Amino acid sequence: MIRNKEKIITFPRFWALNEKLQIKKKTVNVIGARPSEGKSALALNLFCDLTKEYKCLYFNMEMTEEEVYERMLGIEGDLPIRDIVNPQTEHQDTYIKEVATKIYNYKYEVINGSKTINSIRKKVIKEQRDEHLIIFIDYIGYIVGKEGMSDKDRIGEAVRDLNNMTKDYDCTVFLVAQINRNGSDLPTMQDLKDSGEIEQTADTIILIHDDNKEDTSVKKEIGFLIPKCRGSRSNIRIPVMYDK
């Protein structure tokens, strides 16, 4: 059991995460960034990557349904959103439809709108049968809690329940979380909004950091900061190219 390689999540495209993080199944993993710094972009990139190997659910509580599919087409087809909406040529239109057909045949479902932990659990029980299930929640701040709960208590309870779910139903969770605006320029896991339970429960935390915000290039290098990783090394930086 200890040496079983199948307990590690395999990313077909994000090979650096395979080498450096060794994310295990049945864990809670957090993607954090400040507003408009690419949290959903990274989550959808990882989602599209993992749907090639695993059955995946994406609980979308922030974007419109149309926006999710536009982004998935952009990721998988390497296309700007404006060309997906208004193709420049007939050939490009045909290519977009081919990419859409390819995405349609992946093993995934996008679930839209606000959710409670109970509704998420019911969906997981229904979908998790004889194969491992990967769940993306975008984002944790939008999970609906009991009336009168503070944000900190609501998020803390949600994270604990999701962690229990990973052990009860053979699933892995990727949580999108927000970093406080007033934190230091170099984000830490203590900067995660209402971070107490997230910081304690998460097995891996990936923080997106743009070292050079003045650079407005369409393509540039940014960093994934890893302040916590139970499966491998912590306190490392993974350089990645970000194509807006």
# chains A, B, ... in the order shown; residues from 1 in each chain; ligands from 1
$ residues_around --residues "A:Arg230" --least-positions-apart "5" --cutoff "10 Å" --atoms "only C-alpha atoms" --output "number ranges by chain"
A: 21-24, 27, 202-205
$ residues_around --residues "stretch 111-128 of chain A" --least-positions-apart "4" --cutoff "9 Å" --atoms "only C-alpha atoms" --output "MDAnalysis selection string"
chainID A and resid 55 57:65 132:133 135 142:145 158 161:162 165 169:171
$ write_last_selection --atoms "C-alpha atoms" --output "tab-separated table (two decimals), in the first residue's frame"
chain	number	residue	atom	x	y	z
A	55	LYS	CA	-13.57	11.85	-13.53
A	57	LEU	CA	-16.47	17.84	-10.99
A	58	TYR	CA	-16.13	21.63	-11.12
A	59	PHE	CA	-18.36	23.50	-8.66
A	60	ASN	CA	-18.51	26.93	-10.29
A	61	MET	CA	-19.85	29.56	-7.90
A	62	GLU	CA	-18.18	32.66	-9.30
A	63	MET	CA	-18.35	32.75	-13.11
A	64	THR	CA	-21.23	32.36	-15.54
A	65	GLU	CA	-21.62	28.93	-17.14
A	132	HIS	CA	-11.40	8.10	-8.05
A	133	LEU	CA	-13.18	11.46	-8.24
A	135	ILE	CA	-13.50	17.93	-7.15
A	142	TYR	CA	-19.19	31.13	-1.70
A	143	ILE	CA	-20.19	27.92	0.07
A	144	VAL	CA	-23.45	28.62	1.91
A	145	GLY	CA	-23.44	27.93	5.66
A	158	ALA	CA	-16.80	23.68	5.14
A	161	ASP	CA	-16.40	18.62	6.07
A	162	LEU	CA	-14.60	18.52	2.71
A	165	MET	CA	-15.40	13.69	2.38
A	169	TYR	CA	-15.75	8.82	-0.67
A	170	ASP	CA	-12.39	8.28	-2.42
A	171	CYS	CA	-12.09	11.80	-3.78
$ residues_around --residues "stretch 40-52 of chain A" --least-positions-apart "4" --cutoff "6 Å" --atoms "only C-alpha atoms" --output "list in words"
Cys56, Tyr106 and Lys107 of chain A
$ write_last_selection --atoms "N, CA and C atoms" --output "mmCIF file, in the first residue's frame"
data_model
loop_
_atom_site.group_PDB
_atom_site.id
_atom_site.type_symbol
_atom_site.label_atom_id
_atom_site.label_comp_id
_atom_site.auth_asym_id
_atom_site.auth_seq_id
_atom_site.Cartn_x
_atom_site.Cartn_y
_atom_site.Cartn_z
ATOM 1 N N CYS A 56 -13.955 14.246 -13.121
ATOM 2 C CA CYS A 56 -13.812 15.502 -12.383
ATOM 3 C C CYS A 56 -15.132 16.264 -12.305
ATOM 4 N N TYR A 106 -14.600 14.483 -22.605
ATOM 5 C CA TYR A 106 -13.831 14.273 -21.381
ATOM 6 C C TYR A 106 -14.774 13.835 -20.259
ATOM 7 N N LYS A 107 -14.189 13.298 -19.173
ATOM 8 C CA LYS A 107 -14.994 12.809 -18.048
ATOM 9 C C LYS A 107 -15.138 13.921 -17.007
#
$ atom_distance --atom1 "atom CA of A:Arg82" --atom2 "atom CA of A:His209"
26.2 Å
$ select_by_dssp --residues "stretch 9-244 of chain A" --states "helix (DSSP H, G or I)" --output "count of residues only"
92
$ residues_around --residues "A:Leu207" --least-positions-apart "5" --cutoff "12 Å" --atoms "only C-alpha atoms" --output "ChimeraX atom specification"
/A:29-34,37-39,42-43,175-179,185-192,222-229,234-239
$ write_last_selection --atoms "N, CA, C and O atoms" --output "compact mmCIF listing (two decimals), in the first residue's frame"
# COMPACT_ATOMS: atom_id res chain seq x y z
N ASN A 29 -6.40 20.27 -1.32
CA ASN A 29 -5.33 21.11 -1.88
C ASN A 29 -5.89 22.48 -2.21
O ASN A 29 -6.98 22.60 -2.77
N VAL A 30 -5.15 23.52 -1.87
CA VAL A 30 -5.65 24.89 -1.97
C VAL A 30 -4.90 25.67 -3.04
O VAL A 30 -3.66 25.60 -3.12
N ILE A 31 -5.67 26.40 -3.88
CA ILE A 31 -5.10 27.34 -4.85
C ILE A 31 -5.48 28.73 -4.36
O ILE A 31 -6.67 29.05 -4.25
N GLY A 32 -4.50 29.55 -4.03
CA GLY A 32 -4.77 30.87 -3.48
C GLY A 32 -4.12 31.98 -4.28
O GLY A 32 -3.04 31.82 -4.83
N ALA A 33 -4.81 33.11 -4.36
CA ALA A 33 -4.26 34.31 -5.01
C ALA A 33 -5.12 35.50 -4.62
O ALA A 33 -6.24 35.34 -4.12
N ARG A 34 -4.60 36.69 -4.89
CA ARG A 34 -5.39 37.89 -4.67
C ARG A 34 -6.43 38.01 -5.79
O ARG A 34 -6.33 37.33 -6.82
N GLU A 37 -5.92 37.65 -9.96
CA GLU A 37 -4.54 37.23 -10.21
C GLU A 37 -4.45 35.81 -10.73
O GLU A 37 -3.38 35.21 -10.72
N GLY A 38 -5.59 35.22 -11.17
CA GLY A 38 -5.49 33.95 -11.88
C GLY A 38 -5.89 32.71 -11.12
O GLY A 38 -5.54 31.60 -11.54
N LYS A 39 -6.65 32.85 -10.02
CA LYS A 39 -7.08 31.65 -9.26
C LYS A 39 -7.92 30.72 -10.13
O LYS A 39 -7.63 29.54 -10.25
N LEU A 42 -5.98 29.16 -13.12
CA LEU A 42 -5.17 28.00 -12.76
C LEU A 42 -6.06 26.79 -12.46
O LEU A 42 -5.78 25.68 -12.92
N ALA A 43 -7.15 27.02 -11.72
CA ALA A 43 -8.05 25.90 -11.39
C ALA A 43 -8.60 25.25 -12.65
O ALA A 43 -8.62 24.02 -12.77
N LEU A 175 -9.41 23.34 -3.70
CA LEU A 175 -10.19 24.49 -3.23
C LEU A 175 -9.57 25.78 -3.73
O LEU A 175 -8.36 25.99 -3.59
N VAL A 176 -10.37 26.65 -4.31
CA VAL A 176 -9.89 27.98 -4.68
C VAL A 176 -10.20 28.91 -3.50
O VAL A 176 -11.31 28.94 -2.98
N ALA A 177 -9.17 29.66 -3.06
CA ALA A 177 -9.32 30.56 -1.91
C ALA A 177 -8.70 31.92 -2.24
O ALA A 177 -7.82 32.02 -3.10
N GLN A 178 -9.17 32.92 -1.54
CA GLN A 178 -8.70 34.29 -1.80
C GLN A 178 -7.68 34.72 -0.77
O GLN A 178 -7.80 34.39 0.41
N ILE A 179 -6.68 35.47 -1.23
CA ILE A 179 -5.68 36.05 -0.34
C ILE A 179 -6.12 37.46 0.03
O ILE A 179 -6.61 38.21 -0.82
N ASP A 185 3.49 41.82 -0.06
CA ASP A 185 3.58 41.61 -1.51
C ASP A 185 3.84 40.15 -1.83
O ASP A 185 3.31 39.60 -2.78
N LEU A 186 4.68 39.50 -1.01
CA LEU A 186 4.95 38.08 -1.18
C LEU A 186 3.94 37.31 -0.32
O LEU A 186 4.03 37.33 0.91
N PRO A 187 2.94 36.67 -0.93
CA PRO A 187 1.88 36.06 -0.13
C PRO A 187 2.37 34.86 0.68
O PRO A 187 3.27 34.13 0.27
N THR A 188 1.76 34.67 1.83
CA THR A 188 2.02 33.50 2.68
C THR A 188 0.68 32.84 2.97
O THR A 188 -0.38 33.42 2.73
N MET A 189 0.73 31.64 3.51
CA MET A 189 -0.54 30.96 3.78
C MET A 189 -1.31 31.65 4.90
O MET A 189 -2.53 31.51 5.00
N GLN A 190 -0.62 32.44 5.72
CA GLN A 190 -1.31 33.20 6.76
C GLN A 190 -2.17 34.32 6.15
O GLN A 190 -3.06 34.85 6.82
N ASP A 191 -1.88 34.69 4.87
CA ASP A 191 -2.66 35.73 4.20
C ASP A 191 -3.97 35.21 3.60
O ASP A 191 -4.78 36.00 3.11
N LEU A 192 -4.18 33.89 3.60
CA LEU A 192 -5.43 33.34 3.07
C LEU A 192 -6.60 33.87 3.90
O LEU A 192 -6.55 33.88 5.13
N ILE A 222 5.46 33.78 -14.09
CA ILE A 222 4.99 34.03 -12.74
C ILE A 222 5.45 32.84 -11.89
O ILE A 222 6.08 31.91 -12.40
N GLY A 223 5.13 32.87 -10.60
CA GLY A 223 5.58 31.78 -9.74
C GLY A 223 4.45 31.14 -8.96
O GLY A 223 3.49 31.80 -8.58
N PHE A 224 4.55 29.82 -8.74
CA PHE A 224 3.71 29.13 -7.79
C PHE A 224 4.53 28.99 -6.50
O PHE A 224 5.57 28.32 -6.50
N LEU A 225 4.09 29.64 -5.44
CA LEU A 225 4.76 29.50 -4.15
C LEU A 225 4.09 28.37 -3.38
O LEU A 225 2.87 28.29 -3.31
N ILE A 226 4.89 27.47 -2.81
CA ILE A 226 4.37 26.30 -2.12
C ILE A 226 4.77 26.38 -0.64
O ILE A 226 5.82 25.84 -0.25
N PRO A 227 3.96 27.06 0.20
CA PRO A 227 4.33 27.16 1.61
C PRO A 227 4.07 25.88 2.40
O PRO A 227 4.60 25.70 3.50
N LYS A 228 3.23 24.98 1.84
CA LYS A 228 2.93 23.74 2.55
C LYS A 228 2.69 22.63 1.55
O LYS A 228 1.97 22.80 0.58
N CYS A 229 3.34 21.49 1.78
CA CYS A 229 3.13 20.31 0.93
C CYS A 229 3.49 19.07 1.73
O CYS A 229 4.67 18.81 1.97
N SER A 234 8.25 21.66 1.01
CA SER A 234 7.54 22.92 1.21
C SER A 234 8.49 24.08 1.00
O SER A 234 9.70 23.91 0.86
N ASN A 235 7.93 25.29 0.97
CA ASN A 235 8.71 26.53 0.84
C ASN A 235 9.59 26.53 -0.41
O ASN A 235 10.78 26.84 -0.35
N ILE A 236 8.97 26.16 -1.55
CA ILE A 236 9.68 26.23 -2.82
C ILE A 236 8.88 27.12 -3.78
O ILE A 236 7.72 27.44 -3.53
N ARG A 237 9.53 27.54 -4.86
CA ARG A 237 8.88 28.34 -5.90
C ARG A 237 8.98 27.56 -7.21
O ARG A 237 10.07 27.12 -7.59
N ILE A 238 7.85 27.39 -7.90
CA ILE A 238 7.84 26.72 -9.20
C ILE A 238 7.57 27.78 -10.27
O ILE A 238 6.50 28.38 -10.28
N PRO A 239 8.52 28.05 -11.15
CA PRO A 239 8.29 29.03 -12.21
C PRO A 239 7.39 28.47 -13.30
O PRO A 239 7.53 27.31 -13.68
$ select_by_dssp --residues "stretch 40-201 of chain A" --states "strand (DSSP E)" --output "list in words"
Lys55, Cys56, Leu57, Tyr58, Phe59, Asn60, Tyr108, Glu109, Val110, Ile111, Asn112, Leu133, Ile134, Ile135, Phe136, Ile137, Asp138, Cys171, Thr172, Val173, Phe174, Leu175, Val176, Ala177 and Gln178 of chain A
$ residues_around --residues "stretch 150-154 of chain A" --least-positions-apart "5" --cutoff "9 Å" --atoms "only C-alpha atoms" --output "list in words"
Gly141, Ile143, Val144, Gly145, Val159, Lys193, Asp194, Ser195, Gly196 and Glu197 of chain A
$ write_last_selection --atoms "C-alpha atoms" --output "CSV table (one decimal), in the first residue's frame"
chain,number,residue,atom,x,y,z
A,141,GLY,CA,-15.9,31.7,0.2
A,143,ILE,CA,-20.2,27.9,0.1
A,144,VAL,CA,-23.4,28.6,1.9
A,145,GLY,CA,-23.4,27.9,5.7
A,159,VAL,CA,-13.1,22.8,5.0
A,193,LYS,CA,-8.8,34.9,3.9
A,194,ASP,CA,-10.2,33.4,7.1
A,195,SER,CA,-7.2,31.1,6.9
A,196,GLY,CA,-7.1,29.2,10.2
A,197,GLU,CA,-8.8,26.0,9.2
$ closest_residue --among "A:Asp83, A:Tyr242, A:Asn18, A:Glu109" --to "A:Asp215" --atoms "only C-alpha atoms"
A:Tyr242
$ closest_residue --among "A:Val218, A:Tyr54, A:Asn4, A:Pro12" --to "A:Asp130" --atoms "only C-alpha atoms"
A:Tyr54
$ atom_distance --atom1 "atom CA of A:Glu66" --atom2 "atom CA of A:Ala100"
12.9 Å
